[in-house]
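Asks: Structure file protein-v9.pdb, PDB, C-alpha atoms, pLDDT in the B column, is pasted below:
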ATOM      1  CA  MET A   1      -9.268  16.377  24.113  1.00 55.00           C
ATOM      2  CA  ASP A   2     -11.229  13.339  22.933  1.00 63.00           C
ATOM      3  CA  HIS A   3      -8.781  11.227  20.887  1.00 77.00           C
ATOM      4  CA  ARG A   4     -11.377   8.702  19.719  1.00 85.00           C
ATOM      5  CA  PRO A   5     -12.094   8.820  15.967  1.00 93.00           C
ATOM      6  CA  ALA A   6     -15.288  10.636  15.036  1.00 94.00           C
ATOM      7  CA  LEU A   7     -17.938   9.021  12.826  1.00 95.00           C
ATOM      8  CA  VAL A   8     -18.491  10.980   9.576  1.00 96.00           C
ATOM      9  CA  LEU A   9     -21.165  10.374   6.930  1.00 96.00           C
ATOM     10  CA  THR A  10     -19.755  10.539   3.379  1.00 96.00           C
ATOM     11  CA  GLU A  11     -21.525  11.486   0.155  1.00 96.00           C
ATOM     12  CA  ASP A  12     -22.377   7.921  -0.932  1.00 94.00           C
ATOM     13  CA  GLY A  13     -24.216   7.236   2.337  1.00 94.00           C
ATOM     14  CA  SER A  14     -21.418   5.186   3.914  1.00 95.00           C
ATOM     15  CA  TYR A  15     -19.465   6.258   6.975  1.00 95.00           C
ATOM     16  CA  THR A  16     -15.805   6.919   7.550  1.00 96.00           C
ATOM     17  CA  LEU A  17     -13.830   7.919  10.620  1.00 97.00           C
ATOM     18  CA  TYR A  18     -12.014  11.167  11.300  1.00 96.00           C
ATOM     19  CA  ASN A  19      -8.723  10.913  13.182  1.00 94.00           C
ATOM     20  CA  ARG A  20      -8.808  13.919  15.500  1.00 92.00           C
ATOM     21  CA  VAL A  21      -5.104  13.661  16.347  1.00 90.00           C
ATOM     22  CA  LEU A  22      -3.861  13.567  12.743  1.00 91.00           C
ATOM     23  CA  GLY A  23      -6.641  15.740  11.360  1.00 93.00           C
ATOM     24  CA  GLU A  24      -7.398  13.294   8.530  1.00 96.00           C
ATOM     25  CA  HIS A  25     -10.290  11.113   7.388  1.00 96.00           C
ATOM     26  CA  TYR A  26      -9.789   7.372   6.897  1.00 96.00           C
ATOM     27  CA  HIS A  27     -11.592   7.519   3.527  1.00 96.00           C
ATOM     28  CA  SER A  28     -12.794  10.041   0.990  1.00 96.00           C
ATOM     29  CA  ILE A  29     -15.637  12.234   2.199  1.00 96.00           C
ATOM     30  CA  HIS A  30     -16.990  11.962  -1.363  1.00 96.00           C
ATOM     31  CA  GLY A  31     -17.827   8.324  -0.635  1.00 96.00           C
ATOM     32  CA  ALA A  32     -15.991   5.806   1.550  1.00 96.00           C
ATOM     33  CA  VAL A  33     -17.331   2.643  -0.075  1.00 96.00           C
ATOM     34  CA  GLN A  34     -17.137   3.940  -3.648  1.00 96.00           C
ATOM     35  CA  GLU A  35     -13.512   5.047  -3.120  1.00 97.00           C
ATOM     36  CA  SER A  36     -12.489   1.638  -1.738  1.00 97.00           C
ATOM     37  CA  ARG A  37     -14.287  -0.198  -4.536  1.00 96.00           C
ATOM     38  CA  HIS A  38     -12.648   1.970  -7.192  1.00 98.00           C
ATOM     39  CA  VAL A  39      -9.058   2.020  -5.885  1.00 98.00           C
ATOM     40  CA  PHE A  40      -8.637  -1.357  -4.216  1.00 98.00           C
ATOM     41  CA  LEU A  41     -11.297  -3.666  -5.674  1.00 98.00           C
ATOM     42  CA  GLU A  42     -11.535  -2.594  -9.317  1.00 97.00           C
ATOM     43  CA  ALA A  43      -7.967  -1.401  -9.945  1.00 98.00           C
ATOM     44  CA  GLY A  44      -6.425  -3.977  -7.614  1.00 98.00           C
ATOM     45  CA  TYR A  45      -8.295  -7.175  -6.742  1.00 98.00           C
ATOM     46  CA  ARG A  46     -10.355  -7.691  -9.893  1.00 97.00           C
ATOM     47  CA  TYR A  47      -7.362  -6.750 -12.038  1.00 97.00           C
ATOM     48  CA  ILE A  48      -4.970  -9.187 -10.320  1.00 96.00           C
ATOM     49  CA  CYS A  49      -7.537 -12.006 -10.429  1.00 95.00           C
ATOM     50  CA  GLU A  50      -6.961 -12.065 -14.183  1.00 92.00           C
ATOM     51  CA  LYS A  51      -3.238 -12.778 -13.612  1.00 89.00           C
ATOM     52  CA  PHE A  52      -3.124 -15.131 -10.593  1.00 91.00           C
ATOM     53  CA  ARG A  53      -5.291 -18.054  -9.499  1.00 87.00           C
ATOM     54  CA  ASP A  54      -4.535 -17.635  -5.792  1.00 95.00           C
ATOM     55  CA  ILE A  55      -4.403 -14.129  -4.360  1.00 97.00           C
ATOM     56  CA  SER A  56      -2.215 -13.163  -1.416  1.00 97.00           C
ATOM     57  CA  ILE A  57      -2.903  -9.637  -0.171  1.00 97.00           C
ATOM     58  CA  LEU A  58      -0.976  -7.358   2.168  1.00 97.00           C
ATOM     59  CA  GLU A  59      -2.889  -4.301   3.333  1.00 97.00           C
ATOM     60  CA  VAL A  60      -0.892  -1.430   4.784  1.00 97.00           C
ATOM     61  CA  GLY A  61      -3.397   0.448   6.923  1.00 95.00           C
ATOM     62  CA  PHE A  62      -6.291  -1.806   7.981  1.00 97.00           C
ATOM     63  CA  GLY A  63      -8.187   1.077   9.571  1.00 96.00           C
ATOM     64  CA  THR A  64     -11.947   0.493   9.601  1.00 97.00           C
ATOM     65  CA  GLY A  65     -11.599  -2.832   7.751  1.00 97.00           C
ATOM     66  CA  LEU A  66     -13.595  -1.624   4.750  1.00 97.00           C
ATOM     67  CA  ASN A  67     -11.103  -2.879   2.141  1.00 98.00           C
ATOM     68  CA  ALA A  68     -10.953  -6.309   3.774  1.00 98.00           C
ATOM     69  CA  LEU A  69     -14.748  -6.516   3.947  1.00 97.00           C
ATOM     70  CA  LEU A  70     -15.205  -5.606   0.288  1.00 97.00           C
ATOM     71  CA  THR A  71     -12.483  -8.064  -0.729  1.00 98.00           C
ATOM     72  CA  LEU A  72     -14.159 -10.850   1.241  1.00 97.00           C
ATOM     73  CA  ASP A  73     -17.404 -10.155  -0.606  1.00 96.00           C
ATOM     74  CA  ALA A  74     -15.606 -10.121  -3.979  1.00 96.00           C
ATOM     75  CA  SER A  75     -13.702 -13.356  -3.254  1.00 96.00           C
ATOM     76  CA  VAL A  76     -16.883 -15.198  -2.277  1.00 95.00           C
ATOM     77  CA  LYS A  77     -18.654 -14.063  -5.444  1.00 93.00           C
ATOM     78  CA  ALA A  78     -15.682 -14.903  -7.680  1.00 93.00           C
ATOM     79  CA  GLY A  79     -14.710 -18.122  -5.878  1.00 94.00           C
ATOM     80  CA  VAL A  80     -11.063 -17.010  -5.767  1.00 95.00           C
ATOM     81  CA  ASN A  81      -8.742 -18.354  -3.059  1.00 97.00           C
ATOM     82  CA  THR A  82      -7.597 -15.322  -1.076  1.00 98.00           C
ATOM     83  CA  ARG A  83      -5.172 -14.890   1.816  1.00 97.00           C
ATOM     84  CA  TYR A  84      -5.533 -11.469   3.425  1.00 98.00           C
ATOM     85  CA  HIS A  85      -2.938 -10.055   5.823  1.00 96.00           C
ATOM     86  CA  ALA A  86      -3.498  -6.570   7.220  1.00 96.00           C
ATOM     87  CA  LEU A  87      -1.059  -4.327   9.098  1.00 95.00           C
ATOM     88  CA  ASP A  88      -2.122  -1.596  11.484  1.00 95.00           C
ATOM     89  CA  PRO A  89      -0.344  -0.716  14.741  1.00 93.00           C
ATOM     90  CA  PHE A  90      -3.305   1.309  16.020  1.00 91.00           C
ATOM     91  CA  PRO A  91      -6.595   0.038  14.548  1.00 93.00           C
ATOM     92  CA  PRO A  92      -9.708   1.800  15.898  1.00 94.00           C
ATOM     93  CA  ASP A  93     -11.542   0.059  18.736  1.00 93.00           C
ATOM     94  CA  TRP A  94     -14.446  -2.202  17.860  1.00 94.00           C
ATOM     95  CA  SER A  95     -16.678  -0.031  20.069  1.00 93.00           C
ATOM     96  CA  VAL A  96     -16.182   2.725  17.474  1.00 94.00           C
ATOM     97  CA  VAL A  97     -16.163   0.589  14.313  1.00 95.00           C
ATOM     98  CA  GLU A  98     -19.338  -1.341  15.163  1.00 94.00           C
ATOM     99  CA  LYS A  99     -21.295   1.900  14.665  1.00 94.00           C
ATOM    100  CA  ILE A 100     -20.222   2.046  10.995  1.00 95.00           C
ATOM    101  CA  ASN A 101     -22.887   0.995   8.481  1.00 92.00           C
ATOM    102  CA  TYR A 102     -20.802  -0.987   5.970  1.00 95.00           C
ATOM    103  CA  CYS A 103     -22.672  -4.245   6.525  1.00 93.00           C
ATOM    104  CA  SER A 104     -26.004  -2.602   5.703  1.00 88.00           C
ATOM    105  CA  HIS A 105     -24.645  -0.810   2.647  1.00 80.00           C
ATOM    106  CA  GLY A 106     -24.630  -2.205  -0.880  1.00 74.00           C
ATOM    107  CA  GLY A 107     -25.702  -5.775  -0.194  1.00 79.00           C
ATOM    108  CA  MET A 108     -23.131  -6.527   2.509  1.00 87.00           C
ATOM    109  CA  GLU A 109     -25.669  -7.646   5.111  1.00 88.00           C
ATOM    110  CA  GLY A 110     -24.399 -11.224   5.170  1.00 92.00           C
ATOM    111  CA  PHE A 111     -20.920 -10.270   6.360  1.00 96.00           C
ATOM    112  CA  ALA A 112     -21.628  -8.607   9.713  1.00 95.00           C
ATOM    113  CA  ASP A 113     -20.238 -11.535  11.727  1.00 96.00           C
ATOM    114  CA  ASP A 114     -17.127 -11.737   9.524  1.00 97.00           C
ATOM    115  CA  PHE A 115     -16.559  -7.999   9.961  1.00 97.00           C
ATOM    116  CA  ARG A 116     -16.668  -8.382  13.742  1.00 97.00           C
ATOM    117  CA  LYS A 117     -14.298 -11.370  13.645  1.00 97.00           C
ATOM    118  CA  MET A 118     -11.765  -9.366  11.632  1.00 97.00           C
ATOM    119  CA  HIS A 119     -11.678  -6.612  14.223  1.00 97.00           C
ATOM    120  CA  GLN A 120     -11.635  -8.946  17.193  1.00 96.00           C
ATOM    121  CA  ALA A 121      -9.063 -11.388  15.777  1.00 94.00           C
ATOM    122  CA  MET A 122      -6.054 -12.194  17.943  1.00 93.00           C
ATOM    123  CA  PRO A 123      -2.960 -10.423  16.570  1.00 92.00           C
ATOM    124  CA  ASP A 124      -1.068 -12.476  13.964  1.00 92.00           C
ATOM    125  CA  LYS A 125      -3.547 -15.359  14.182  1.00 94.00           C
ATOM    126  CA  GLU A 126      -4.877 -16.460  10.797  1.00 95.00           C
ATOM    127  CA  ILE A 127      -8.607 -17.176  10.819  1.00 97.00           C
ATOM    128  CA  LEU A 128     -10.770 -18.876   8.210  1.00 98.00           C
ATOM    129  CA  LEU A 129     -13.743 -16.677   7.323  1.00 97.00           C
ATOM    130  CA  ARG A 130     -14.867 -18.620   4.263  1.00 96.00           C
ATOM    131  CA  ALA A 131     -13.630 -21.817   2.616  1.00 96.00           C
ATOM    132  CA  ASN A 132     -11.601 -19.691   0.199  1.00 96.00           C
ATOM    133  CA  PHE A 133     -10.721 -16.690   2.420  1.00 98.00           C
ATOM    134  CA  THR A 134      -8.288 -16.436   5.342  1.00 98.00           C
ATOM    135  CA  PHE A 135      -7.578 -13.279   7.326  1.00 98.00           C
ATOM    136  CA  SER A 136      -4.962 -12.099   9.797  1.00 96.00           C
ATOM    137  CA  LEU A 137      -4.210  -8.735  11.396  1.00 96.00           C
ATOM    138  CA  SER A 138      -0.779  -7.719  12.668  1.00 94.00           C
ATOM    139  CA  ARG A 139      -0.777  -4.803  15.075  1.00 92.00           C
ATOM    140  CA  SER A 140       2.644  -3.677  13.946  1.00 89.00           C
ATOM    141  CA  ARG A 141       4.212  -1.126  11.648  1.00 87.00           C
ATOM    142  CA  LEU A 142       5.428  -2.109   8.216  1.00 87.00           C
ATOM    143  CA  GLU A 143       8.847  -0.755   9.185  1.00 83.00           C
ATOM    144  CA  ASP A 144       9.050  -3.315  12.016  1.00 81.00           C
ATOM    145  CA  ALA A 145       7.416  -6.284  10.286  1.00 73.00           C
ATOM    146  CA  GLY A 146       9.742  -9.260   9.938  1.00 64.00           C
ATOM    147  CA  PRO A 147      10.161 -12.300   7.671  1.00 53.00           C
ATOM    148  CA  ARG A 148       6.779 -13.749   8.659  1.00 60.00           C
ATOM    149  CA  LEU A 149       5.224 -11.352   6.180  1.00 71.00           C
ATOM    150  CA  GLY A 150       5.707 -13.941   3.426  1.00 75.00           C
ATOM    151  CA  LYS A 151       5.092 -13.287  -0.268  1.00 89.00           C
ATOM    152  CA  TYR A 152       2.267 -11.264  -1.826  1.00 96.00           C
ATOM    153  CA  ASN A 153       0.932 -10.604  -5.297  1.00 95.00           C
ATOM    154  CA  LEU A 154      -1.305  -7.698  -4.298  1.00 98.00           C
ATOM    155  CA  VAL A 155      -0.645  -4.795  -1.921  1.00 98.00           C
ATOM    156  CA  TYR A 156      -3.314  -2.356  -0.791  1.00 98.00           C
ATOM    157  CA  PHE A 157      -1.289   0.683   0.228  1.00 98.00           C
ATOM    158  CA  ASP A 158      -3.870   2.592   2.248  1.00 97.00           C
ATOM    159  CA  ALA A 159      -1.690   4.430   4.750  1.00 95.00           C
ATOM    160  CA  PHE A 160      -2.460   7.938   5.935  1.00 95.00           C
ATOM    161  CA  SER A 161      -1.305  10.608   3.484  1.00 96.00           C
ATOM    162  CA  PRO A 162       2.341  11.581   2.857  1.00 95.00           C
ATOM    163  CA  GLU A 163       1.650  14.884   4.628  1.00 95.00           C
ATOM    164  CA  THR A 164       0.332  13.124   7.757  1.00 94.00           C
ATOM    165  CA  ALA A 165       2.519  10.002   7.852  1.00 93.00           C
ATOM    166  CA  PRO A 166       5.625  10.801   5.739  1.00 95.00           C
ATOM    167  CA  GLU A 167       7.597   7.888   7.227  1.00 94.00           C
ATOM    168  CA  LEU A 168       5.342   5.441   5.363  1.00 95.00           C
ATOM    169  CA  TRP A 169       6.080   6.970   1.977  1.00 97.00           C
ATOM    170  CA  GLU A 170       9.870   6.800   2.038  1.00 96.00           C
ATOM    171  CA  PRO A 171      11.935   4.847  -0.546  1.00 97.00           C
ATOM    172  CA  GLY A 172      12.897   2.139   1.972  1.00 95.00           C
ATOM    173  CA  ILE A 173       9.239   1.245   2.513  1.00 95.00           C
ATOM    174  CA  PHE A 174       8.614   0.564  -1.154  1.00 97.00           C
ATOM    175  CA  ARG A 175      11.893  -1.294  -1.572  1.00 95.00           C
ATOM    176  CA  LYS A 176      10.803  -3.569   1.270  1.00 93.00           C
ATOM    177  CA  LEU A 177       7.419  -4.106  -0.347  1.00 95.00           C
ATOM    178  CA  ARG A 178       9.011  -5.004  -3.676  1.00 95.00           C
ATOM    179  CA  LEU A 179      11.144  -7.678  -1.970  1.00 93.00           C
ATOM    180  CA  ILE A 180       8.076  -9.410  -0.508  1.00 94.00           C
ATOM    181  CA  MET A 181       6.050  -9.261  -3.730  1.00 95.00           C
ATOM    182  CA  ASP A 182       5.899 -11.735  -6.595  1.00 94.00           C
ATOM    183  CA  GLN A 183       7.075 -10.543  -9.982  1.00 95.00           C
ATOM    184  CA  GLY A 184       4.023  -9.230 -11.808  1.00 96.00           C
ATOM    185  CA  GLY A 185       2.272  -8.487  -8.525  1.00 96.00           C
ATOM    186  CA  VAL A 186       0.438  -5.198  -8.136  1.00 98.00           C
ATOM    187  CA  LEU A 187       0.383  -2.363  -5.603  1.00 98.00           C
ATOM    188  CA  VAL A 188      -2.519   0.083  -5.627  1.00 98.00           C
ATOM    189  CA  THR A 189      -2.889   3.332  -3.732  1.00 98.00           C
ATOM    190  CA  TYR A 190      -5.175   6.346  -3.753  1.00 97.00           C
ATOM    191  CA  CYS A 191      -2.113   8.637  -3.844  1.00 97.00           C
ATOM    192  CA  ALA A 192      -0.958   9.887  -7.260  1.00 96.00           C
ATOM    193  CA  LYS A 193       1.798  12.316  -6.272  1.00 96.00           C
ATOM    194  CA  GLY A 194       4.691  12.531  -8.693  1.00 96.00           C
ATOM    195  CA  ARG A 195       7.214  11.926  -5.902  1.00 97.00           C
ATOM    196  CA  VAL A 196       5.485   8.688  -4.887  1.00 98.00           C
ATOM    197  CA  ARG A 197       5.390   7.512  -8.495  1.00 97.00           C
ATOM    198  CA  ARG A 198       9.131   8.164  -8.871  1.00 98.00           C
ATOM    199  CA  ILE A 199       9.919   6.342  -5.621  1.00 98.00           C
ATOM    200  CA  LEU A 200       7.914   3.335  -6.807  1.00 98.00           C
ATOM    201  CA  GLN A 201       9.806   3.264 -10.083  1.00 97.00           C
ATOM    202  CA  GLU A 202      13.157   3.478  -8.293  1.00 97.00           C
ATOM    203  CA  ALA A 203      12.083   0.637  -5.967  1.00 97.00           C
ATOM    204  CA  GLY A 204      11.493  -1.781  -8.860  1.00 97.00           C
ATOM    205  CA  PHE A 205       7.946  -1.071 -10.018  1.00 98.00           C
ATOM    206  CA  SER A 206       6.374   0.129 -13.238  1.00 98.00           C
ATOM    207  CA  ALA A 207       3.928   2.775 -12.038  1.00 97.00           C
ATOM    208  CA  GLU A 208       0.929   4.083 -13.968  1.00 97.00           C
ATOM    209  CA  ARG A 209      -1.622   6.742 -13.233  1.00 97.00           C
ATOM    210  CA  LEU A 210      -5.268   5.694 -13.478  1.00 98.00           C
ATOM    211  CA  PRO A 211      -8.467   7.757 -13.174  1.00 97.00           C
ATOM    212  CA  GLY A 212      -9.259   8.325  -9.520  1.00 97.00           C
ATOM    213  CA  PRO A 213     -12.517   7.864  -7.624  1.00 95.00           C
ATOM    214  CA  PRO A 214     -15.082  10.669  -7.348  1.00 93.00           C
ATOM    215  CA  GLY A 215     -13.438  13.758  -5.888  1.00 92.00           C
ATOM    216  CA  LYS A 216      -9.922  12.700  -6.921  1.00 93.00           C
ATOM    217  CA  ARG A 217      -8.457  13.045 -10.409  1.00 95.00           C
ATOM    218  CA  GLU A 218      -5.921  10.190 -10.338  1.00 97.00           C
ATOM    219  CA  MET A 219      -4.599   7.168  -8.412  1.00 98.00           C
ATOM    220  CA  LEU A 220      -1.566   4.889  -8.863  1.00 98.00           C
ATOM    221  CA  ARG A 221      -1.176   1.246  -9.803  1.00 98.00           C
ATOM    222  CA  ALA A 222       2.337  -0.195  -9.759  1.00 98.00           C
ATOM    223  CA  THR A 223       3.467  -3.561 -11.136  1.00 98.00           C
ATOM    224  CA  ALA A 224       6.465  -5.370  -9.608  1.00 97.00           C
ATOM    225  CA  ASN A 225       9.254  -5.755 -12.162  1.00 97.00           C
ATOM    226  CA  GLU A 226      11.827  -8.528 -12.284  1.00 93.00           C
ATOM    227  CA  LEU A 227      14.495  -8.077  -9.596  1.00 85.00           C
TER     228      LEU A 227
END
Can I see the file as structure tokens?
Replies:
Amino acid sequence: MDHRPALVLTEDGSYTLYNRVLGEHYHSIHGAVQESRHVFLEAGYRYICEKFRDISILEVGFGTGLNALLTLDASVKAGVNTRYHALDPFPPDWSVVEKINYCSHGGMEGFADDFRKMHQAMPDKEILLRANFTFSLSRSRLEDAGPRLGKYNLVYFDAFSPETAPELWEPGIFRKLRLIMDQGGVLVTYCAKGRVRRILQEAGFSAERLPGPPGKREMLRATANEL
């Protein structure tokens, strides 16, 4: 069996990958780029930019790097200082990702070299992609990540689904995330399951349902309460 992710064209003309082992797509088949823009950029990054001057992001589930690429574009346009730290123990190989068309989709042509640098970055080494944007990728699981994680005011929770990766949706995961987040910081995820919302609330967040991207009715945004 070929375990390499398969390239899949989604409805907005952008590609995603299909994990043959897990039987799950990395993004919505209704539109990879439009889903990431809706969930992570609009409900997360642009929203938090109104609350904090300097943005420190933790992404759980780097995957194809689409969220990081879109955030880089948004930070350059907004002139917002952004530190981006992604976690993914098994990111797809560059030989697969380089076939994806993100950098020729929606005015992203100027970021092709940055996209490559993200994927080829040495693990845990912070690199400067723009004067106001730093990036690092840890090839480790959130469960194993130590104190070097630091503090964050925005979390992109883009793990595989609770059905596919249930260990990433347990109460201990969200309690850990709350401890490394600033009060008033925000976590956004495509998942809107009632169980996940309740776990977030029990972990110290105020969780709200928002309209989801095309093909999905709702998503979640959670704000870190005072500890």
Asks: Nearest residue to Leu66 of chain A out of A:Lys193, A:Arg116, A:Arg141, A:Lys216, using all atoms listed in the file?
Replies: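 Result for the nearest residue to Leu66 of chain A: A:Arg116.
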Asks: Tell me which residues the PyMOL selection byres ((chain A and resi 83) around 9) grabs here, as a PyMOL selection string.
Replies: chain A and resi 54-58+81-82+84-85+132-136
Asks: If I take atom CA of Lys77 of chain A and atom CA of Trp94 of chain A, how far is one from the other in Å, to one decimal?
Replies: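 About the pair atom CA of Lys77 of chain A and atom CA of Trp94 of chain A: they are 26.5 Å apart.
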Asks: What does the structure give for the distance between atom CA of Lys125 of chain A and atom CA of Glu42 of chain A, in Å to one decimal?
Replies: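 It comes out at 27.9 Å.
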Asks: Which residues are close to Trp169 of chain A, i.e. within 12 Å by all atoms listed in the file, leaving aside same-chain residues fewer than 3 positions away? Reply as an NGL selection string.
Replies: :A and (60 or 142-143 or 157-166 or 172-177 or 189 or 191-193 or 195-200 or 203)
Asks: Please enumerate the residues selected by the PyMOL selection byres ((chain A and resi 117) around 12) when evaluated against the supplied file, formatted as an MDAnalysis selection string.
Replies: chainID A and resid 65 68:69 94 98 111:116 118:123 125:130 134:137
Asks: Can you work out the spacing between atom CA of Val33 of chain A and atom CA of Thr16 of chain A in Å, to one decimal?
Replies: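 Computing it gives 8.9 Å between the two atoms.
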Asks: Kindly resolve the PyMOL selection byres ((chain A and resi 178) around 10) on the present coordinates and return the residues as a PDB file with C-alpha atoms, in the coordinates of the input.
Replies:
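So the final result, stored in selection-v6.pdb, reads:
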ATOM      1  CA  LYS A 151       5.092 -13.287  -0.268  1.00 89.00           C
ATOM      2  CA  TYR A 152       2.267 -11.264  -1.826  1.00 96.00           C
ATOM      3  CA  ASN A 153       0.932 -10.604  -5.297  1.00 95.00           C
ATOM      4  CA  VAL A 155      -0.645  -4.795  -1.921  1.00 98.00           C
ATOM      5  CA  GLY A 172      12.897   2.139   1.972  1.00 95.00           C
ATOM      6  CA  ILE A 173       9.239   1.245   2.513  1.00 95.00           C
ATOM      7  CA  PHE A 174       8.614   0.564  -1.154  1.00 97.00           C
ATOM      8  CA  ARG A 175      11.893  -1.294  -1.572  1.00 95.00           C
ATOM      9  CA  LYS A 176      10.803  -3.569   1.270  1.00 93.00           C
ATOM     10  CA  LEU A 177       7.419  -4.106  -0.347  1.00 95.00           C
ATOM     11  CA  LEU A 179      11.144  -7.678  -1.970  1.00 93.00           C
ATOM     12  CA  ILE A 180       8.076  -9.410  -0.508  1.00 94.00           C
ATOM     13  CA  MET A 181       6.050  -9.261  -3.730  1.00 95.00           C
ATOM     14  CA  ASP A 182       5.899 -11.735  -6.595  1.00 94.00           C
ATOM     15  CA  GLN A 183       7.075 -10.543  -9.982  1.00 95.00           C
ATOM     16  CA  GLY A 185       2.272  -8.487  -8.525  1.00 96.00           C
ATOM     17  CA  VAL A 186       0.438  -5.198  -8.136  1.00 98.00           C
ATOM     18  CA  LEU A 187       0.383  -2.363  -5.603  1.00 98.00           C
ATOM     19  CA  LEU A 200       7.914   3.335  -6.807  1.00 98.00           C
ATOM     20  CA  ALA A 203      12.083   0.637  -5.967  1.00 97.00           C
ATOM     21  CA  GLY A 204      11.493  -1.781  -8.860  1.00 97.00           C
ATOM     22  CA  PHE A 205       7.946  -1.071 -10.018  1.00 98.00           C
ATOM     23  CA  THR A 223       3.467  -3.561 -11.136  1.00 98.00           C
ATOM     24  CA  ALA A 224       6.465  -5.370  -9.608  1.00 97.00           C
ATOM     25  CA  ASN A 225       9.254  -5.755 -12.162  1.00 97.00           C
ATOM     26  CA  GLU A 226      11.827  -8.528 -12.284  1.00 93.00           C
ATOM     27  CA  LEU A 227      14.495  -8.077  -9.596  1.00 85.00           C
TER      28      LEU A 227
END
Asks: Which centre and edge lengths in Å to one decimal define the box along x, y and z that fits every listed atom of segment 78-94 of chain A plus 3 Å per side, as JSON?
Replies:
{"center_x": -8.0, "center_y": -8.3, "center_z": 5.5, "size_x": 21.3, "size_y": 26.2, "size_z": 32.4}
